[in-house]
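One file, upload12.cif, carrying mmCIF, C-alpha atoms:
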```
data_structure
loop_
_atom_site.label_atom_id
_atom_site.label_comp_id
_atom_site.auth_asym_id
_atom_site.auth_seq_id
_atom_site.Cartn_x
_atom_site.Cartn_y
_atom_site.Cartn_z
CA MET A 1 -93.67 44.89 -88.55
CA ASP A 2 -89.88 45.19 -88.16
CA ILE A 3 -88.25 48.23 -89.66
CA PRO A 4 -85.08 47.19 -91.49
CA HIS A 5 -81.95 48.51 -89.80
CA GLN A 6 -80.05 50.88 -91.99
CA ALA A 7 -76.30 50.45 -91.63
CA GLU A 8 -74.46 53.64 -90.87
CA ALA A 9 -71.96 54.75 -93.42
CA PRO A 10 -68.41 53.97 -92.26
CA LEU A 11 -66.59 56.92 -90.79
CA ARG A 12 -64.02 58.16 -93.28
CA ARG A 13 -60.93 59.94 -92.08
CA THR A 14 -57.43 60.72 -93.20
CA ALA A 15 -54.42 60.43 -90.91
CA PRO A 16 -52.59 63.75 -90.70
CA MET A 17 -49.07 63.70 -92.11
CA ALA A 18 -47.87 66.87 -90.42
CA PRO A 19 -44.78 66.24 -88.26
CA ARG A 20 -45.72 65.51 -84.67
CA ALA A 21 -43.59 64.63 -81.67
CA PRO A 22 -44.72 61.83 -79.35
CA ASP A 23 -47.02 62.89 -76.52
CA ALA A 24 -44.98 61.14 -73.82
CA PHE A 25 -42.11 58.72 -73.22
CA ALA A 26 -43.67 55.39 -72.21
CA HIS A 27 -41.03 52.88 -71.14
CA CYS A 28 -37.71 51.20 -71.87
CA VAL A 29 -36.80 47.52 -71.93
CA LEU A 30 -33.60 45.92 -70.64
CA ARG A 31 -32.33 42.38 -71.27
CA THR A 32 -30.34 40.73 -68.49
CA SER A 33 -29.00 37.49 -67.11
CA ARG A 34 -29.19 39.03 -63.62
CA TYR A 35 -32.99 38.97 -63.53
CA GLN A 36 -33.68 39.14 -59.79
CA ALA A 37 -30.78 41.49 -59.08
CA MET A 38 -32.03 43.92 -61.75
CA ILE A 39 -35.62 43.77 -60.48
CA ASP A 40 -34.49 44.44 -56.91
CA TRP A 41 -32.11 47.23 -57.95
CA TYR A 42 -34.65 49.14 -60.06
CA CYS A 43 -37.41 48.68 -57.46
CA THR A 44 -35.04 50.25 -54.91
CA LEU A 45 -33.70 52.98 -57.21
CA LEU A 46 -37.06 54.12 -58.56
CA ASN A 47 -39.24 53.20 -55.59
CA ALA A 48 -41.03 51.08 -58.18
CA ARG A 49 -43.42 48.17 -57.82
CA VAL A 50 -43.83 45.02 -59.86
CA ALA A 51 -46.86 45.35 -62.14
CA HIS A 52 -46.37 41.93 -63.76
CA ARG A 53 -43.83 39.18 -63.33
CA ALA A 54 -43.29 35.87 -65.09
CA GLU A 55 -40.27 33.66 -65.61
CA ARG A 56 -39.06 35.65 -68.62
CA LEU A 57 -40.51 39.14 -68.24
CA CYS A 58 -41.09 41.66 -65.45
CA PHE A 59 -42.88 45.02 -65.75
CA LEU A 60 -42.11 47.74 -63.20
CA THR A 61 -43.91 51.02 -62.65
CA TYR A 62 -43.73 53.92 -60.22
CA ASP A 63 -46.77 55.95 -61.30
CA GLU A 64 -50.11 55.53 -63.07
CA GLU A 65 -48.50 54.10 -66.23
CA HIS A 66 -48.97 50.32 -66.54
CA HIS A 67 -45.19 49.93 -66.93
CA ARG A 68 -42.22 52.26 -67.16
CA LEU A 69 -39.49 49.61 -67.31
CA ALA A 70 -39.52 46.05 -68.59
CA ILE A 71 -36.81 43.58 -67.66
CA VAL A 72 -36.38 40.52 -69.87
CA ASN A 73 -34.72 37.43 -68.40
CA VAL A 74 -32.20 35.97 -70.88
CA PRO A 75 -29.85 33.53 -69.13
CA GLY A 76 -26.28 33.34 -70.40
CA LEU A 77 -25.89 36.77 -71.98
CA PRO A 78 -22.27 37.88 -72.46
CA GLU A 79 -20.99 40.68 -70.25
CA GLN A 80 -21.36 44.19 -71.67
CA ASP A 81 -18.30 46.05 -72.85
CA LEU A 82 -18.85 49.55 -71.52
CA GLU A 83 -16.74 51.02 -74.33
CA THR A 84 -18.81 49.76 -77.28
CA ALA A 85 -21.89 51.17 -78.98
CA ARG A 86 -24.96 50.63 -76.77
CA LEU A 87 -27.48 52.50 -74.65
CA LEU A 88 -25.39 54.94 -72.65
CA HIS A 89 -27.87 55.90 -69.93
CA ILE A 90 -31.49 56.34 -68.92
CA ALA A 91 -32.52 59.53 -67.08
CA TYR A 92 -35.31 60.17 -64.58
CA SER A 93 -36.27 63.63 -63.28
CA TYR A 94 -37.44 64.90 -59.93
CA THR A 95 -39.49 68.07 -59.67
CA ASP A 96 -37.44 69.48 -56.79
CA LEU A 97 -34.09 69.20 -55.04
CA ALA A 98 -35.72 67.57 -52.01
CA GLY A 99 -36.77 64.63 -54.20
CA LEU A 100 -33.28 64.13 -55.61
CA LEU A 101 -31.39 64.55 -52.33
CA GLY A 102 -33.91 62.49 -50.36
CA THR A 103 -33.52 59.70 -52.91
CA TYR A 104 -29.72 60.00 -52.71
CA LYS A 105 -29.92 59.63 -48.92
CA ARG A 106 -32.29 56.62 -49.15
CA LEU A 107 -30.19 54.87 -51.80
CA LYS A 108 -26.92 55.48 -49.94
CA ALA A 109 -28.43 53.84 -46.85
CA ALA A 110 -29.24 50.83 -49.09
CA GLY A 111 -25.65 50.70 -50.37
CA ILE A 112 -26.37 52.28 -53.77
CA VAL A 113 -24.12 55.27 -54.42
CA PRO A 114 -23.60 57.39 -57.53
CA TYR A 115 -20.39 56.88 -59.46
CA ARG A 116 -20.67 60.33 -61.05
CA PRO A 117 -22.33 63.29 -59.29
CA ILE A 118 -22.28 66.31 -61.58
CA ASN A 119 -23.88 69.69 -62.07
CA HIS A 120 -24.34 69.97 -65.83
CA GLY A 121 -25.73 73.49 -65.59
CA PRO A 122 -29.26 72.79 -66.79
CA THR A 123 -29.51 69.82 -64.39
CA LEU A 124 -27.95 68.55 -61.19
CA SER A 125 -27.43 64.85 -61.89
CA LEU A 126 -26.42 61.74 -59.99
CA TYR A 127 -25.34 58.79 -62.15
CA TYR A 128 -25.65 55.21 -60.93
CA ARG A 129 -24.82 51.85 -62.55
CA ASP A 130 -27.31 49.00 -62.52
CA PRO A 131 -26.10 45.40 -61.94
CA ASP A 132 -25.40 45.04 -65.69
CA GLY A 133 -23.41 48.29 -65.85
CA THR A 134 -25.98 50.48 -67.60
CA ALA A 135 -25.94 54.03 -66.30
CA VAL A 136 -29.05 55.58 -64.79
CA GLU A 137 -29.20 59.35 -64.27
CA LEU A 138 -31.38 60.82 -61.53
CA GLN A 139 -31.70 64.57 -62.04
CA VAL A 140 -33.41 67.78 -61.08
CA ASP A 141 -33.63 70.91 -63.22
CA CYS A 142 -31.40 73.74 -62.03
CA TYR A 143 -33.63 76.48 -63.43
CA PRO A 144 -37.22 77.31 -62.48
CA THR A 145 -38.41 77.10 -66.10
CA LYS A 146 -37.55 75.00 -69.16
CA ALA A 147 -36.99 78.23 -71.11
CA GLU A 148 -34.27 79.35 -68.68
CA ALA A 149 -32.57 75.96 -68.91
CA ALA A 150 -32.73 76.11 -72.72
CA ALA A 151 -31.22 79.60 -72.62
CA PHE A 152 -28.31 78.28 -70.54
CA LEU A 153 -27.54 75.83 -73.36
CA GLN A 154 -26.93 78.87 -75.59
CA SER A 155 -24.64 80.60 -73.08
CA GLU A 156 -20.87 81.03 -73.27
CA ALA A 157 -20.54 79.15 -69.96
CA PHE A 158 -22.21 76.08 -71.47
CA HIS A 159 -20.20 76.30 -74.70
CA ALA A 160 -17.00 76.47 -72.66
CA ASN A 161 -18.03 73.48 -70.53
CA PRO A 162 -20.94 71.46 -71.96
CA ILE A 163 -20.38 68.49 -69.62
CA GLY A 164 -20.37 70.12 -66.19
CA VAL A 165 -18.57 70.20 -62.86
CA ALA A 166 -18.21 67.44 -60.27
CA VAL A 167 -20.18 67.96 -57.06
CA ASP A 168 -20.20 66.31 -53.63
CA PRO A 169 -23.71 64.94 -52.93
CA ASP A 170 -22.98 64.60 -49.20
CA ALA A 171 -22.03 68.28 -49.02
CA LEU A 172 -25.14 69.24 -51.03
CA LEU A 173 -27.35 67.16 -48.73
CA ALA A 174 -25.79 68.66 -45.59
CA ALA A 175 -26.16 72.20 -46.94
CA TRP A 176 -29.79 71.58 -48.00
CA GLU A 177 -30.66 70.09 -44.60
CA ALA A 178 -28.98 73.10 -42.94
CA GLY A 179 -31.32 75.42 -44.87
CA ALA A 180 -29.09 76.70 -47.68
CA PRO A 181 -31.13 78.34 -50.48
CA GLU A 182 -31.97 75.85 -53.25
CA ALA A 183 -31.03 78.32 -55.99
CA GLU A 184 -27.54 78.51 -54.51
CA LEU A 185 -27.21 74.70 -54.32
CA LEU A 186 -28.45 74.27 -57.90
CA ARG A 187 -26.11 76.88 -59.40
CA ARG A 188 -23.29 75.22 -61.29
CA PRO A 189 -20.08 75.80 -59.32
CA ASP A 190 -16.80 76.92 -60.81
CA GLY A 191 -14.43 74.06 -61.41
CA PRO A 192 -12.74 71.95 -64.04
CA ALA A 193 -14.88 70.44 -66.76
CA MET A 194 -15.55 66.75 -66.38
CA ARG A 195 -14.85 64.53 -69.36
CA SER A 196 -17.74 63.08 -71.32
CA GLN A 197 -18.99 59.61 -70.36
CA GLY A 198 -22.18 57.77 -69.38
#
```

Translate this file's structure into structure tokens.
Amino acid sequence: MDIPHQAEAPLRRTAPMAPRAPDAFAHCVLRTSRYQAMIDWYCTLLNARVAHRAERLCFLTYDEEHHRLAIVNVPGLPEQDLETARLLHIAYSYTDLAGLLGTYKRLKAAGIVPYRPINHGPTLSLYYRDPDGTAVELQVDCYPTKAEAAAFLQSEAFHANPIGVAVDPDALLAAWEAGAPEAELLRRPDGPAMRSQG
């Protein structure tokens, strides 16, 4: 004789309404009429690989995430005006100066050079422009801990110059390869404040 199956009571739960920040940043999406050029540029810049590609959409990734950047093919888009409201830049971090400077060296050999190398204080940053003109920041933290970087944002030096000081990436690379201490290379140098831009 079959014993009738007793349905389990549905699990009841209540979604918490307490404020919560996201657990991680997942990806960004760019529209372009320069589909292949953008795919090639971001694959080179980020050492990324194509996770999916079709006529209209390409997903790129550089780690275990299924995609970190999506590129949407939209033929005939008007050119961007760099002085209007829009996404100003996307930033990617390296865990050490070797990663940033090694990437700078690799990209320069491929003909991709930063238009704005700057030491902001909390980060040493190299800004590039993709084929559509969107800025991409490659950076490394200048302090060993996030707390020290956050403290710098409260300092008089940062209040006096919140943008940062121009740096020479070739000189930084040469000094790093010659064995200069990383803390010295990451310290924001004295110099005139750069003006704000992407």

Taking the file as shown, find all residues satisfying the PyMOL selection byres ((chain A and resi 28) around 8) and write them as a count of residues only.
-> 7

Counting only C-alpha atoms, what is within 7 Å of range 62-65 of chain A, bar same-chain residues fewer than 3 positions away, as a ChimeraX atom specification?
-> /A:46-49,68

Can you write out as a Markdown table which residues of range 12-105 of chain A fall within 9 Å of range 124-148 of chain A, alongside each residue's closest atom pair and its distance in Å to one decimal, counting only C-alpha atoms and ordering rows by chain and ascending residue number?
```
| residue | atom | partner | partner_atom | distance |
| --- | --- | --- | --- | --- |
| A:Thr32 | CA | A:Asp132 | CA | 7.1 |
| A:Ser33 | CA | A:Asp132 | CA | 8.5 |
| A:Arg34 | CA | A:Pro131 | CA | 7.3 |
| A:Ala37 | CA | A:Pro131 | CA | 6.7 |
| A:Met38 | CA | A:Pro131 | CA | 6.1 |
| A:Trp41 | CA | A:Asp130 | CA | 6.9 |
| A:Tyr42 | CA | A:Asp130 | CA | 7.7 |
| A:Glu79 | CA | A:Asp132 | CA | 7.7 |
| A:Gln80 | CA | A:Asp132 | CA | 7.3 |
| A:Asp81 | CA | A:Gly133 | CA | 9.0 |
| A:Leu82 | CA | A:Gly133 | CA | 7.4 |
| A:Leu87 | CA | A:Thr134 | CA | 7.5 |
| A:Leu88 | CA | A:Ala135 | CA | 6.4 |
| A:His89 | CA | A:Ala135 | CA | 4.5 |
| A:Ile90 | CA | A:Val136 | CA | 4.9 |
| A:Ala91 | CA | A:Glu137 | CA | 4.4 |
| A:Tyr92 | CA | A:Leu138 | CA | 5.0 |
| A:Ser93 | CA | A:Gln139 | CA | 4.8 |
| A:Tyr94 | CA | A:Val140 | CA | 5.1 |
| A:Thr95 | CA | A:Val140 | CA | 6.2 |
| A:Asp96 | CA | A:Val140 | CA | 6.1 |
| A:Leu97 | CA | A:Val140 | CA | 6.2 |
| A:Gly99 | CA | A:Val140 | CA | 8.3 |
| A:Leu100 | CA | A:Val140 | CA | 6.6 |
| A:Thr103 | CA | A:Leu138 | CA | 9.0 |
| A:Tyr104 | CA | A:Leu126 | CA | 8.2 |
```

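Here, the PyMOL selection byres ((chain A and resi 164-167) around 8) matches Arg116, Pro117, Ile118, Asn119, His120, Gly121, Asn161, Pro162, Ile163, Asp168, Pro169, Leu172, Arg188, Pro189, Asp190, Gly191, Pro192, Ala193 and Met194 of chain A.
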
Expected file contents, prior selection, C-alpha atoms, as a PDB file, keeping the file's coordinate frame:
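Result file is part-v4.pdb:
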```pdb
ATOM      1  CA  ARG A 116     -20.670  60.330 -61.050  1.00  0.00           C
ATOM      2  CA  PRO A 117     -22.330  63.290 -59.290  1.00  0.00           C
ATOM      3  CA  ILE A 118     -22.280  66.310 -61.580  1.00  0.00           C
ATOM      4  CA  ASN A 119     -23.880  69.690 -62.070  1.00  0.00           C
ATOM      5  CA  HIS A 120     -24.340  69.970 -65.830  1.00  0.00           C
ATOM      6  CA  GLY A 121     -25.730  73.490 -65.590  1.00  0.00           C
ATOM      7  CA  ASN A 161     -18.030  73.480 -70.530  1.00  0.00           C
ATOM      8  CA  PRO A 162     -20.940  71.460 -71.960  1.00  0.00           C
ATOM      9  CA  ILE A 163     -20.380  68.490 -69.620  1.00  0.00           C
ATOM     10  CA  ASP A 168     -20.200  66.310 -53.630  1.00  0.00           C
ATOM     11  CA  PRO A 169     -23.710  64.940 -52.930  1.00  0.00           C
ATOM     12  CA  LEU A 172     -25.140  69.240 -51.030  1.00  0.00           C
ATOM     13  CA  ARG A 188     -23.290  75.220 -61.290  1.00  0.00           C
ATOM     14  CA  PRO A 189     -20.080  75.800 -59.320  1.00  0.00           C
ATOM     15  CA  ASP A 190     -16.800  76.920 -60.810  1.00  0.00           C
ATOM     16  CA  GLY A 191     -14.430  74.060 -61.410  1.00  0.00           C
ATOM     17  CA  PRO A 192     -12.740  71.950 -64.040  1.00  0.00           C
ATOM     18  CA  ALA A 193     -14.880  70.440 -66.760  1.00  0.00           C
ATOM     19  CA  MET A 194     -15.550  66.750 -66.380  1.00  0.00           C
TER      20      MET A 194
END
```

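Closest approach to Cys58 in chain A among A:Pro10, A:Pro78, A:Arg31, A:Asp170 is made by A:Arg31 (distances from all atoms listed in the file).
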
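With only C-alpha atoms as the atoms that count, the minimum distance from Ala98 in chain A to the choices A:Ala7, A:Glu184, A:Glu177, A:Arg13 is reached by A:Glu177.
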
Point-to-point distance in Å for CA of Asp40 in chain A and CA of Gly111 in chain A =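 Straight-line distance from CA of Gly111 in chain A to CA of Asp40 in chain A works out to 12.7 Å.
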
Could you please determine the separation between CA of Val74 in chain A and CA of Gln36 in chain A in Å, to one decimal place?
-> 11.6 Å

Compare A:Ala157, A:Tyr35, A:Leu57, A:Gly102 by their minimum atom-to-atom distance to Leu77 in chain A, counting only C-alpha atoms, and give me the closest one.
-> A:Tyr35

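Straight-line separation from CA of Ile71 in chain A to CA of Tyr115 in chain A: 22.7 Å.
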